[in-house]
Structure formats: structure tokens, C-alpha cells
$ cat coords-v7.cif   # mmCIF, C-alpha atoms (C1' of nucleotides)
data_work
loop_
_atom_site.label_atom_id
_atom_site.label_comp_id
_atom_site.auth_asym_id
_atom_site.auth_seq_id
_atom_site.Cartn_x
_atom_site.Cartn_y
_atom_site.Cartn_z
CA MET A 1 86.62 120.95 128.36
CA CYS A 2 89.04 118.50 126.85
CA ALA A 3 92.80 119.04 126.85
CA LYS A 4 94.20 119.44 123.37
CA LYS A 5 97.64 119.80 121.91
CA ALA A 6 98.66 123.33 121.01
CA SER A 7 98.48 122.52 117.31
CA GLU A 8 94.88 121.49 117.71
CA GLN A 9 93.58 124.35 119.78
CA LYS A 10 92.14 126.08 116.76
CA THR A 11 89.32 123.61 116.27
CA GLU A 12 86.78 122.67 118.88
CA GLU A 13 85.24 119.95 116.74
CA PRO A 14 85.37 116.37 117.89
CA ARG A 15 88.38 114.84 116.20
CA CYS A 16 88.13 112.02 113.76
CA PRO A 17 90.11 109.06 115.08
CA ILE A 18 91.19 108.14 111.57
CA ARG A 19 92.63 111.58 111.08
CA TYR A 20 94.34 111.38 114.46
CA MET A 21 95.97 108.16 113.34
CA LEU A 22 96.89 109.61 109.96
CA GLU A 23 98.52 112.54 111.68
CA MET A 24 100.48 110.33 114.03
CA PHE A 25 101.70 107.95 111.35
CA ASN A 26 101.92 110.33 108.42
CA GLY A 27 104.61 110.02 105.82
CA LYS A 28 106.47 107.24 104.17
CA TRP A 29 108.36 105.72 107.07
CA LYS A 30 106.50 105.86 110.37
CA MET A 31 104.29 102.82 109.93
CA PRO A 32 107.12 100.71 108.53
CA ILE A 33 109.21 101.71 111.55
CA ILE A 34 106.44 100.66 113.91
CA CYS A 35 106.18 97.36 112.08
CA MET A 36 109.91 96.84 112.34
CA LEU A 37 109.84 97.46 116.07
CA ALA A 38 106.79 95.26 116.53
CA GLY A 39 109.01 92.23 117.09
CA GLY A 40 109.79 93.51 120.57
CA VAL A 41 113.56 93.47 120.14
CA PRO A 42 115.20 96.82 120.85
CA LEU A 43 116.78 98.14 117.67
CA ARG A 44 119.61 100.60 117.31
CA TYR A 45 119.46 103.57 115.01
CA SER A 46 122.04 102.08 112.68
CA SER A 47 120.29 98.75 112.69
CA ILE A 48 116.98 100.24 111.61
CA LYS A 49 118.80 102.18 108.95
CA ARG A 50 120.53 99.09 107.65
CA LYS A 51 117.36 97.03 107.59
CA PHE A 52 115.56 99.58 105.46
CA GLY A 53 118.58 100.21 103.30
CA ASP A 54 117.07 103.22 101.56
CA ILE A 55 116.15 105.58 104.35
CA THR A 56 118.19 108.73 104.87
CA ASN A 57 119.45 110.00 108.19
CA VAL A 58 117.16 112.96 107.95
CA MET A 59 114.05 110.89 107.49
CA LEU A 60 114.94 108.28 110.06
CA ALA A 61 115.94 110.72 112.77
CA GLN A 62 112.88 112.87 112.13
CA SER A 63 110.47 109.96 112.03
CA LEU A 64 111.81 108.49 115.25
CA LYS A 65 111.65 111.85 116.95
CA GLU A 66 108.05 112.39 115.94
CA LEU A 67 107.03 108.91 116.97
CA GLU A 68 108.70 109.53 120.30
CA ALA A 69 106.81 112.78 120.65
CA TYR A 70 103.56 110.91 120.05
CA GLY A 71 104.52 108.47 122.76
CA VAL A 72 104.60 105.36 120.61
CA VAL A 73 108.36 104.88 120.50
CA HIS A 74 110.82 104.89 123.38
CA ARG A 75 114.41 106.04 122.99
CA GLU A 76 117.00 104.63 125.36
CA GLN A 77 120.42 106.17 125.28
CA TYR A 78 123.51 104.44 126.66
CA ASN A 79 126.44 106.69 127.30
CA GLU A 80 129.12 104.64 125.70
CA VAL A 81 131.61 105.40 123.00
CA PRO A 82 130.68 105.10 120.25
CA PRO A 83 127.18 106.01 121.42
CA ARG A 84 124.44 103.44 121.56
CA VAL A 85 120.78 104.28 121.27
CA GLU A 86 118.06 101.70 121.25
CA TYR A 87 114.48 102.11 120.14
CA THR A 88 111.49 100.12 121.31
CA LEU A 89 107.73 100.50 121.21
CA THR A 90 106.08 102.01 124.25
CA GLU A 91 102.95 100.47 125.67
CA LYS A 92 100.95 102.77 123.44
CA GLY A 93 103.03 101.68 120.48
CA GLN A 94 102.45 98.04 121.27
CA SER A 95 98.75 98.62 121.63
CA VAL A 96 98.41 99.53 117.96
CA ILE A 97 99.99 96.32 116.73
CA PRO A 98 96.79 94.22 116.68
CA ALA A 99 95.04 96.82 114.55
CA LEU A 100 98.01 97.20 112.23
CA THR A 101 98.20 93.45 111.92
CA LYS A 102 94.59 93.37 110.78
CA VAL A 103 95.43 95.92 108.14
CA ALA A 104 98.47 93.97 107.05
CA GLU A 105 96.42 90.82 106.79
CA TRP A 106 93.86 92.54 104.66
CA ALA A 107 96.59 93.99 102.46
CA THR A 108 98.28 90.64 102.08
CA GLU A 109 95.04 88.99 101.02
CA SER A 110 94.32 91.77 98.56
CA MET A 111 97.77 91.50 97.06
CA GLN A 112 97.41 87.78 96.71
CA LYS A 113 94.04 88.10 95.01
CA GLU A 114 95.65 90.50 92.58
CA ARG A 115 98.72 88.29 92.24
CA LEU A 116 100.96 91.06 93.46
CA CYS A 117 103.27 88.79 95.42
CA GLY A 118 102.39 90.13 98.86
CA ALA A 119 103.18 86.95 100.66
CA TYR A 120 105.62 88.28 103.18
CA CYS A 121 107.73 91.25 104.09
CA ASP A 122 111.19 90.75 105.44
CA LYS A 123 111.34 94.12 107.14
CA CYS A 124 108.32 93.96 109.36
CA VAL A 125 107.00 91.38 111.71
CA LEU A 126 103.34 91.76 110.86
CA ALA A 127 101.40 89.34 108.70
CA ASN A 128 104.14 86.75 108.61
CA MET B 1 106.23 84.79 88.00
CA CYS B 2 103.77 87.14 89.60
CA ALA B 3 101.78 89.70 87.64
CA LYS B 4 102.54 93.23 88.72
CA LYS B 5 101.19 96.63 87.88
CA ALA B 6 103.28 98.61 85.43
CA SER B 7 104.31 101.03 88.15
CA GLU B 8 105.73 98.17 90.14
CA GLN B 9 107.60 96.31 87.47
CA LYS B 10 110.87 97.88 88.45
CA THR B 11 111.21 95.97 91.68
CA GLU B 12 111.15 92.22 91.97
CA GLU B 13 111.20 92.30 95.76
CA PRO B 14 108.30 90.93 97.70
CA ARG B 15 106.14 93.90 98.53
CA CYS B 16 105.39 94.95 102.03
CA PRO B 17 101.63 94.84 102.60
CA ILE B 18 101.79 97.91 104.79
CA ARG B 19 103.44 99.83 101.99
CA TYR B 20 100.86 98.54 99.54
CA MET B 21 98.16 99.86 101.80
CA LEU B 22 99.95 103.17 102.29
CA GLU B 23 100.22 103.55 98.54
CA MET B 24 96.56 102.80 97.99
CA PHE B 25 95.31 105.12 100.71
CA ASN B 26 98.00 107.78 100.58
CA GLY B 27 97.24 111.40 101.18
CA LYS B 28 94.91 113.29 103.36
CA TRP B 29 91.54 112.29 102.01
CA LYS B 30 91.37 108.70 100.82
CA MET B 31 90.86 107.00 104.16
CA PRO B 32 88.29 109.54 105.29
CA ILE B 33 86.43 108.97 102.02
CA ILE B 34 86.45 105.22 102.57
CA CYS B 35 85.12 105.77 106.07
CA MET B 36 82.40 108.01 104.78
CA LEU B 37 81.31 105.41 102.26
CA ALA B 38 81.49 102.63 104.82
CA GLY B 39 77.86 103.19 105.75
CA GLY B 40 76.80 101.46 102.56
CA VAL B 41 74.65 104.32 101.29
CA PRO B 42 75.63 105.52 97.82
CA LEU B 43 76.85 109.08 98.02
CA ARG B 44 76.96 111.68 95.30
CA TYR B 45 79.99 113.77 94.53
CA SER B 46 78.37 116.91 95.87
CA SER B 47 77.19 115.11 98.96
CA ILE B 48 80.67 113.92 99.85
CA LYS B 49 81.96 117.39 99.22
CA ARG B 50 79.35 118.95 101.45
CA LYS B 51 79.93 116.47 104.26
CA PHE B 52 83.62 117.23 104.38
CA GLY B 53 83.09 120.93 103.90
CA ASP B 54 86.76 121.67 103.39
CA ILE B 55 87.79 119.49 100.49
CA THR B 56 88.46 121.07 97.12
CA ASN B 57 87.15 119.79 93.82
CA VAL B 58 90.65 118.91 92.75
CA MET B 59 91.35 116.78 95.78
CA LEU B 60 87.97 115.09 95.81
CA ALA B 61 87.89 114.25 92.13
CA GLN B 62 91.46 113.03 92.18
CA SER B 63 91.03 110.94 95.31
CA LEU B 64 87.88 109.29 94.01
CA LYS B 65 89.54 108.56 90.69
CA GLU B 66 92.52 106.94 92.34
CA LEU B 67 90.38 104.90 94.69
CA GLU B 68 88.39 103.76 91.68
CA ALA B 69 91.61 102.79 89.92
CA TYR B 70 92.58 100.69 92.93
CA GLY B 71 89.24 98.97 92.77
CA VAL B 72 87.98 100.03 96.16
CA VAL B 73 85.38 102.55 95.03
CA HIS B 74 82.71 102.17 92.40
CA ARG B 75 81.45 105.08 90.34
CA GLU B 76 77.93 104.91 88.94
CA GLN B 77 76.93 107.55 86.48
CA TYR B 78 73.30 108.36 85.67
CA ASN B 79 72.77 110.30 82.50
CA GLU B 80 70.38 112.88 83.78
CA VAL B 81 70.46 116.61 83.74
CA PRO B 82 71.95 117.87 85.88
CA PRO B 83 74.25 114.86 86.00
CA ARG B 84 74.13 112.44 88.89
CA VAL B 85 77.07 110.32 89.93
CA GLU B 86 77.00 108.01 92.92
CA TYR B 87 79.91 106.47 94.73
CA THR B 88 79.93 103.25 96.71
CA LEU B 89 82.52 100.85 98.03
CA THR B 90 83.29 97.83 95.90
CA GLU B 91 83.58 94.41 97.50
CA LYS B 92 87.29 95.06 97.92
CA GLY B 93 86.51 98.38 99.51
CA GLN B 94 84.07 96.79 101.91
CA SER B 95 86.59 94.14 102.82
CA VAL B 96 88.91 96.70 104.37
CA ILE B 97 86.30 98.07 106.74
CA PRO B 98 86.86 95.58 109.59
CA ALA B 99 90.56 96.37 109.62
CA LEU B 100 89.95 100.12 109.44
CA THR B 101 87.42 99.80 112.23
CA LYS B 102 90.06 98.17 114.43
CA VAL B 103 92.35 101.09 113.72
CA ALA B 104 89.62 103.58 114.46
CA GLU B 105 88.84 101.84 117.73
CA TRP B 106 92.48 101.95 118.74
CA ALA B 107 92.69 105.61 117.82
CA THR B 108 89.53 106.43 119.74
CA GLU B 109 90.83 104.73 122.86
CA SER B 110 94.16 106.51 122.53
CA MET B 111 92.48 109.85 122.15
CA GLN B 112 90.30 109.22 125.17
CA LYS B 113 93.31 108.24 127.28
CA GLU B 114 94.93 111.49 126.25
CA ARG B 115 91.70 113.42 126.74
CA LEU B 116 91.69 114.51 123.14
CA CYS B 117 87.93 114.24 122.72
CA GLY B 118 87.98 111.40 120.21
CA ALA B 119 84.65 110.07 121.17
CA TYR B 120 83.01 110.18 117.79
CA CYS B 121 83.33 111.47 114.31
CA ASP B 122 80.31 112.73 112.49
CA LYS B 123 81.79 112.23 109.05
CA CYS B 124 82.62 108.57 109.15
CA VAL B 125 80.72 105.54 110.22
CA LEU B 126 83.57 103.75 111.94
CA ALA B 127 84.02 103.57 115.68
CA ASN B 128 80.63 105.01 116.46
"C1'" DG C 1 148.51 110.84 114.95
"C1'" DG C 2 145.03 109.41 111.89
"C1'" DA C 3 141.23 106.32 110.80
"C1'" DT C 4 136.85 104.52 112.52
"C1'" DA C 5 132.31 103.87 114.53
"C1'" DA C 6 127.64 105.60 116.11
"C1'" DA C 7 124.02 108.68 116.12
"C1'" DG C 8 122.81 112.04 114.60
"C1'" DT C 9 122.55 117.71 112.71
"C1'" DA C 10 122.72 121.52 109.10
"C1'" DA C 11 121.73 123.46 104.86
"C1'" DT C 12 119.96 123.16 100.59
"C1'" DA C 13 117.50 121.22 96.56
"C1'" DA C 14 114.05 118.65 94.36
"C1'" DA C 15 109.71 116.49 94.19
"C1'" DA C 16 105.13 115.76 95.60
"C1'" DA C 17 100.91 117.06 97.71
"C1'" DA C 18 97.54 120.28 98.60
"C1'" DC C 19 95.16 124.64 97.77
"C1'" DA C 20 92.88 128.65 95.27
"C1'" DT C 21 90.53 130.37 91.61
"C1'" DA C 22 88.36 130.22 87.52
"C1'" DC C 23 86.07 127.70 84.09
"C1'" DT C 24 83.14 123.94 81.31
"C1'" DA C 25 78.72 121.39 79.47
"C1'" DT C 26 73.92 120.46 79.70
"C1'" DC C 27 69.12 121.05 80.25
"C1'" DG C 28 65.02 122.69 82.78
"C1'" DG C 29 62.76 126.41 84.79
"C1'" DA C 30 61.58 131.58 85.66
"C1'" DT D 1 67.14 134.70 77.54
"C1'" DC D 2 69.40 134.27 81.59
"C1'" DC D 3 70.02 131.44 85.99
"C1'" DG D 4 71.06 127.54 88.56
"C1'" DA D 5 72.47 122.86 89.61
"C1'" DT D 6 75.85 118.92 89.02
"C1'" DA D 7 80.19 116.92 88.36
"C1'" DG D 8 83.82 117.83 87.41
"C1'" DT D 9 88.63 120.24 84.51
"C1'" DA D 10 92.35 123.66 83.88
"C1'" DT D 11 95.96 126.37 85.56
"C1'" DG D 12 98.95 128.32 88.69
"C1'" DT D 13 100.75 128.82 93.48
"C1'" DT D 14 101.88 127.57 98.05
"C1'" DT D 15 103.07 124.22 101.42
"C1'" DT D 16 104.83 119.98 102.86
"C1'" DT D 17 107.75 115.95 102.19
"C1'" DT D 18 111.59 113.79 100.81
"C1'" DA D 19 116.34 113.56 99.09
"C1'" DT D 20 121.34 115.02 98.80
"C1'" DT D 21 125.57 116.21 100.57
"C1'" DA D 22 128.45 117.47 103.99
"C1'" DC D 23 129.61 117.86 108.80
"C1'" DT D 24 129.92 116.99 114.20
"C1'" DT D 25 131.44 114.60 118.59
"C1'" DT D 26 133.98 111.32 121.38
"C1'" DA D 27 137.01 107.74 122.57
"C1'" DT D 28 139.27 103.69 121.22
"C1'" DC D 29 142.13 100.98 117.91
"C1'" DC D 30 146.22 100.58 114.78
#
$ encode --input "coords-v7.cif" --output "C-alpha cells"
Amino acid sequence: MCAKKASEQKTEEPRCPIRYMLEMFNGKWKMPIICMLAGGVPLRYSSIKRKFGDITNVMLAQSLKELEAYGVVHREQYNEVPPRVEYTLTEKGQSVIPALTKVAEWATESMQKERLCGAYCDKCVLAN
Amino acid sequence: MCAKKASEQKTEEPRCPIRYMLEMFNGKWKMPIICMLAGGVPLRYSSIKRKFGDITNVMLAQSLKELEAYGVVHREQYNEVPPRVEYTLTEKGQSVIPALTKVAEWATESMQKERLCGAYCDKCVLAN
DNA sequence: GGATAAAGTAATAAAAAACATACTATCGGA
DNA sequence: TCCGATAGTATGTTTTTTATTACTTTATCC
């Protein structure tokens, strides 16, 4: 009836949208990457890596690849030497920003109420 | 300057609200539990367990305990036999619902565009 | 000719999350 | 006296994530 990804064929239940989102953005880095790209400026692999400071090649490459597979991140490769690869949000990726911003606003307010210094984040564009 | 939880004392950086949220709702079950409680009806331990169907005692008890520690879930114990314990969202827990609803709406639209049958979820109240 | 930069990959190890199974206390009812 | 229901705990195992370290390619610069 409805097309499903191979990994989801096993269940015929209607899928929970929250779980769909959790699957797409699972792990430690995917949402922060989306936030970082939310500014609209194309970012190179090395630039993302430098901005985070504490992400490994393995995690960054894997996260970007999975986000690309989900259609939220676009990878543009320029055949230069040394190679240049730029990442941007796709239309789908951009479409999640308003919702993520809501979440970031809520989180910022919560942190402020608890005096947890959540005033701003220098790595992502949201809630600034 | 700002009060911080013990676990966060190590870093003096401003915290990213998205990471704060990810820490609070980490794992497979916490967001779905919040969604399930979003209806406003107090739910018993066994009732939550039954609604999910595939959550273990360990995961449910642990998730509820952590959500309680973060102040988003309230646990009310009635000293009856057999024991009765009811869970509800706290004010803080309720305050996240609009943001989560935005996310659920985005996810539902995405799933529909991809024909992934995301029309509704019978376990949570959001995006219905 | 060797160092350097970018954007990764490969292989392995460590840590964390999730799962499976069994078990507990208490009291009322059959 | 044994059974069942509730709300979990205890313990061990498997699975998944994350981290560590080293390595690759290509062409230009010194």
C-alpha cells in the first residue's frame, strides 16, 4: 500500500513520526550538524570539523553520509586538488529548521529557568 | 556565576540548548513516553508498558526515573495493594509539548511526502 | 624529492545502550 | 495455603555507538 524502506518492511504498523525523526537524527552529532548548516552557508568537511573541535573523522563522515541518505544534507564535490567538498541543507533539511528552532527556544528557556547558562550556542544558528 | 548540575561542572562553556535537549531526552524511549503522557491523563506504569508493548521493565523504569530527575515527569505513588503509581507531565514537561508537536508535524509531512505512511500514531497524542 | 593539504577510509577498542530472564514485596481473594 | 496483580530490581548478555590510531590519494609548493 505504502512504499517503505527496506529496513522497515518488517512492520506494517503506521509509523510514529517521533520515532521516524529519532531514527533520522539519532546519535550525538546529527542534530548539531543540522543546526550548524542551518545558517545557509555551505560548509566544508574540514570547516565543520574545526567548528566542533571534538568530533572524529569517523563520526563526522558517517553522520554526514547518513544525513545525505535521508535527504536532509546535500554534498557537493569540486574536483580540485586538494579536494573540496561542501555541505548544505537540502530543501527537506531546511524544512525542519522551524521545528528545531522551537525546540531550541524551549531548551534555552528551560536552561535559563534552571540557571544553566543556556543563553547562546556559538556552534549553531538556532535560538540566537 | 551560573549554577550548574554536578555532571556539568567540568565545562564552563555556554551549553548548546540542542545538546541539553538531547541529553534530557536521549535514548529510544524518553520522547515517546513524553508523547504518550502529553494527553494529560495520568498513566500507570503497567499502562504505559502495555501501550508500548515492546518496552522492557528495565528500560521503562529507568527512562521514567531519568525523566523524573530532569523534572519533566511527575511520579505519584498511592499506597494501596497492589501498589498504584501514576505518571504525569510536570509543568516543565507540558511546556515542551508545543515544540515536540512542531517536530511531529514536520515528521508527519515528511513521511507523507515519502509515502511512508506517517499519518498517525496510536501511541502518542501529538500530530493527530 | 619531500612536506602539505583535504576529505575521507580501515581496523580495532572501549563505552554505552538496550535486551532477556529471573526475581522481590505485599495483601486480598479462591 | 497458594495464586495473582502491581511496580518495579538484579544480573548478565548482546547490540549499537563512539573513540583511537593509522593510513590513502593527488597535485602543488618549497
$ residues_around --input "coords-v7.cif" --residues "DA15 in chain C" --least-positions-apart "2" --cutoff "12 Å" --atoms "only C-alpha atoms (C1' of nucleotides)" --output "list of chain:residue names"
C:DA13, C:DA17, D:DT16, D:DT17, D:DT18, D:DA19
$ calpha_fit_and_write --input "coords-v7.cif" --fixed "chain B" --moving "chain A" --output "compact mmCIF listing (two decimals) with C-alpha atoms, in the coordinates of the input"
# COMPACT_ATOMS: atom_id res chain seq x y z
CA MET A 1 106.20 84.98 87.99
CA CYS A 2 103.69 87.27 89.61
CA ALA A 3 101.76 89.91 87.68
CA LYS A 4 102.62 93.42 88.78
CA LYS A 5 101.37 96.85 87.93
CA ALA A 6 103.50 98.80 85.48
CA SER A 7 104.60 101.18 88.22
CA GLU A 8 105.94 98.28 90.21
CA GLN A 9 107.80 96.41 87.52
CA LYS A 10 111.10 97.90 88.57
CA THR A 11 111.36 95.91 91.78
CA GLU A 12 111.20 92.16 92.02
CA GLU A 13 111.19 92.18 95.81
CA PRO A 14 108.22 90.82 97.68
CA ARG A 15 106.05 93.81 98.50
CA CYS A 16 105.32 94.89 102.00
CA PRO A 17 101.57 94.78 102.57
CA ILE A 18 101.74 97.86 104.76
CA ARG A 19 103.39 99.78 101.97
CA TYR A 20 100.80 98.49 99.52
CA MET A 21 98.10 99.84 101.79
CA LEU A 22 99.92 103.13 102.27
CA GLU A 23 100.19 103.51 98.53
CA MET A 24 96.53 102.77 97.99
CA PHE A 25 95.29 105.10 100.71
CA ASN A 26 97.98 107.76 100.56
CA GLY A 27 97.21 111.39 101.14
CA LYS A 28 94.88 113.35 103.30
CA TRP A 29 91.50 112.29 101.99
CA LYS A 30 91.36 108.69 100.79
CA MET A 31 90.84 106.99 104.13
CA PRO A 32 88.27 109.54 105.27
CA ILE A 33 86.41 108.97 102.00
CA ILE A 34 86.42 105.22 102.56
CA CYS A 35 85.11 105.78 106.07
CA MET A 36 82.38 108.04 104.76
CA LEU A 37 81.29 105.43 102.25
CA ALA A 38 81.47 102.65 104.82
CA GLY A 39 77.84 103.23 105.77
CA GLY A 40 76.78 101.49 102.58
CA VAL A 41 74.63 104.35 101.30
CA PRO A 42 75.60 105.53 97.82
CA LEU A 43 76.84 109.10 98.02
CA ARG A 44 76.92 111.70 95.29
CA TYR A 45 79.97 113.76 94.51
CA SER A 46 78.36 116.92 95.84
CA SER A 47 77.18 115.15 98.94
CA ILE A 48 80.65 113.94 99.83
CA LYS A 49 81.95 117.41 99.19
CA ARG A 50 79.36 118.97 101.43
CA LYS A 51 79.93 116.51 104.24
CA PHE A 52 83.63 117.26 104.35
CA GLY A 53 83.11 120.96 103.87
CA ASP A 54 86.78 121.70 103.31
CA ILE A 55 87.78 119.49 100.42
CA THR A 56 88.44 121.04 97.03
CA ASN A 57 87.15 119.74 93.74
CA VAL A 58 90.64 118.87 92.68
CA MET A 59 91.33 116.74 95.70
CA LEU A 60 87.96 115.05 95.77
CA ALA A 61 87.87 114.21 92.08
CA GLN A 62 91.46 112.97 92.15
CA SER A 63 91.01 110.91 95.29
CA LEU A 64 87.86 109.26 93.98
CA LYS A 65 89.52 108.52 90.68
CA GLU A 66 92.50 106.89 92.34
CA LEU A 67 90.35 104.86 94.67
CA GLU A 68 88.36 103.72 91.67
CA ALA A 69 91.56 102.75 89.92
CA TYR A 70 92.53 100.66 92.93
CA GLY A 71 89.18 98.95 92.76
CA VAL A 72 87.93 100.00 96.17
CA VAL A 73 85.35 102.54 95.04
CA HIS A 74 82.66 102.15 92.40
CA ARG A 75 81.40 105.06 90.32
CA GLU A 76 77.89 104.88 88.94
CA GLN A 77 76.87 107.52 86.48
CA TYR A 78 73.24 108.33 85.68
CA ASN A 79 72.71 110.24 82.50
CA GLU A 80 70.35 112.85 83.77
CA VAL A 81 70.47 116.60 83.72
CA PRO A 82 71.97 117.88 85.87
CA PRO A 83 74.24 114.83 85.99
CA ARG A 84 74.12 112.43 88.88
CA VAL A 85 77.04 110.30 89.94
CA GLU A 86 76.97 108.03 92.92
CA TYR A 87 79.90 106.47 94.72
CA THR A 88 79.89 103.26 96.72
CA LEU A 89 82.49 100.85 98.04
CA THR A 90 83.25 97.82 95.92
CA GLU A 91 83.53 94.42 97.52
CA LYS A 92 87.23 95.06 97.94
CA GLY A 93 86.46 98.39 99.53
CA GLN A 94 84.03 96.81 101.94
CA SER A 95 86.53 94.14 102.84
CA VAL A 96 88.88 96.69 104.39
CA ILE A 97 86.26 98.09 106.74
CA PRO A 98 86.82 95.59 109.59
CA ALA A 99 90.52 96.38 109.63
CA LEU A 100 89.93 100.12 109.45
CA THR A 101 87.42 99.82 112.24
CA LYS A 102 90.04 98.17 114.42
CA VAL A 103 92.34 101.07 113.72
CA ALA A 104 89.62 103.57 114.49
CA GLU A 105 88.86 101.82 117.74
CA TRP A 106 92.47 101.91 118.75
CA ALA A 107 92.69 105.58 117.83
CA THR A 108 89.56 106.42 119.75
CA GLU A 109 90.87 104.70 122.86
CA SER A 110 94.20 106.45 122.55
CA MET A 111 92.54 109.81 122.17
CA GLN A 112 90.40 109.18 125.18
CA LYS A 113 93.38 108.16 127.29
CA GLU A 114 95.02 111.41 126.28
CA ARG A 115 91.80 113.35 126.80
CA LEU A 116 91.79 114.47 123.20
CA CYS A 117 88.03 114.24 122.78
CA GLY A 118 88.04 111.42 120.25
CA ALA A 119 84.67 110.12 121.19
CA TYR A 120 83.03 110.20 117.82
CA CYS A 121 83.37 111.49 114.31
CA ASP A 122 80.36 112.78 112.49
CA LYS A 123 81.83 112.25 109.05
CA CYS A 124 82.64 108.59 109.16
CA VAL A 125 80.73 105.57 110.23
CA LEU A 126 83.58 103.76 111.94
CA ALA A 127 84.03 103.58 115.69
CA ASN A 128 80.65 105.05 116.47
$ interface_residues --input "coords-v7.cif" --of "chain A" --to "chain B" --cutoff "8 Å" --atoms "only C-alpha atoms" --output "ChimeraX atom specification"
/A:2-4,14-22,28,31-32,92,95-96,99-100,102-108,110-111,114-124
$ resolve_selection --input "coords-v7.cif" --expression "the PyMOL selection byres ((chain C) within 8 of (chain A))" --output "number ranges by chain"
C: 5-8
$ closest_atom_pairs --input "coords-v7.cif" --of "chain D" --to "chain B" --cutoff "12 Å" --atoms "only C-alpha atoms (C1' of nucleotides)" --output "Markdown table"
| residue | atom | partner | partner_atom | distance |
| --- | --- | --- | --- | --- |
| D:DG4 | C1' | B:Pro82 | CA | 10.1 |
| D:DA5 | C1' | B:Pro82 | CA | 6.3 |
| D:DT6 | C1' | B:Pro82 | CA | 5.1 |
| D:DA7 | C1' | B:Pro83 | CA | 6.7 |
| D:DG8 | C1' | B:Ala61 | CA | 7.2 |
| D:DT9 | C1' | B:Val58 | CA | 8.6 |
| D:DA10 | C1' | B:Val58 | CA | 10.2 |
| D:DT11 | C1' | B:Val58 | CA | 11.6 |
| D:DT16 | C1' | B:Gly27 | CA | 11.6 |
| D:DT17 | C1' | B:Gly27 | CA | 11.5 |
$ resolve_selection --input "coords-v7.cif" --expression "the PyMOL selection byres ((chain A and resi 74) around 8)" --output "list in words"
Glu68, Gly71, Val72, Val73, Arg75, Glu76, Tyr87, Thr88, Leu89 and Thr90 of chain A
$ atom_distance --input "coords-v7.cif" --atom1 "CA of Lys30 in chain B" --atom2 "CA of Leu64 in chain B"
7.7 Å
$ decode --input "coords-v7.cif" --residues "chain D" --atoms "C-alpha atoms (C1' of nucleotides)" --output "tab-separated table (two decimals), in the first residue's frame"
chain	number	residue	atom	x	y	z
D	1	DT	C1'	-2.32	-22.10	51.54
D	2	DC	C1'	-1.42	-20.92	47.13
D	3	DC	C1'	-2.35	-17.50	43.23
D	4	DG	C1'	-2.38	-13.22	41.10
D	5	DA	C1'	-1.66	-8.32	40.42
D	6	DT	C1'	1.47	-4.15	40.60
D	7	DA	C1'	5.68	-1.80	40.28
D	8	DG	C1'	9.47	-2.42	39.99
D	9	DT	C1'	15.08	-4.65	40.96
D	10	DA	C1'	19.03	-7.70	39.96
D	11	DT	C1'	22.13	-9.78	36.91
D	12	DG	C1'	24.16	-10.98	32.80
D	13	DT	C1'	24.46	-10.68	27.67
D	14	DT	C1'	24.08	-8.74	23.21
D	15	DT	C1'	23.98	-4.88	20.20
D	16	DT	C1'	24.94	-0.33	18.98
D	17	DT	C1'	27.66	3.88	19.39
D	18	DT	C1'	31.59	6.25	19.91
D	19	DA	C1'	36.61	6.76	20.20
D	20	DT	C1'	41.55	5.82	18.81
D	21	DT	C1'	45.12	5.33	15.73
D	22	DA	C1'	46.91	4.82	11.47
D	23	DC	C1'	46.58	5.18	6.53
D	24	DT	C1'	45.20	6.76	1.47
D	25	DT	C1'	45.17	9.83	-2.75
D	26	DT	C1'	46.53	13.69	-5.62
D	27	DA	C1'	48.83	17.70	-7.07
D	28	DT	C1'	51.11	21.77	-5.83
D	29	DC	C1'	54.66	24.32	-3.11
D	30	DC	C1'	59.47	24.76	-1.27
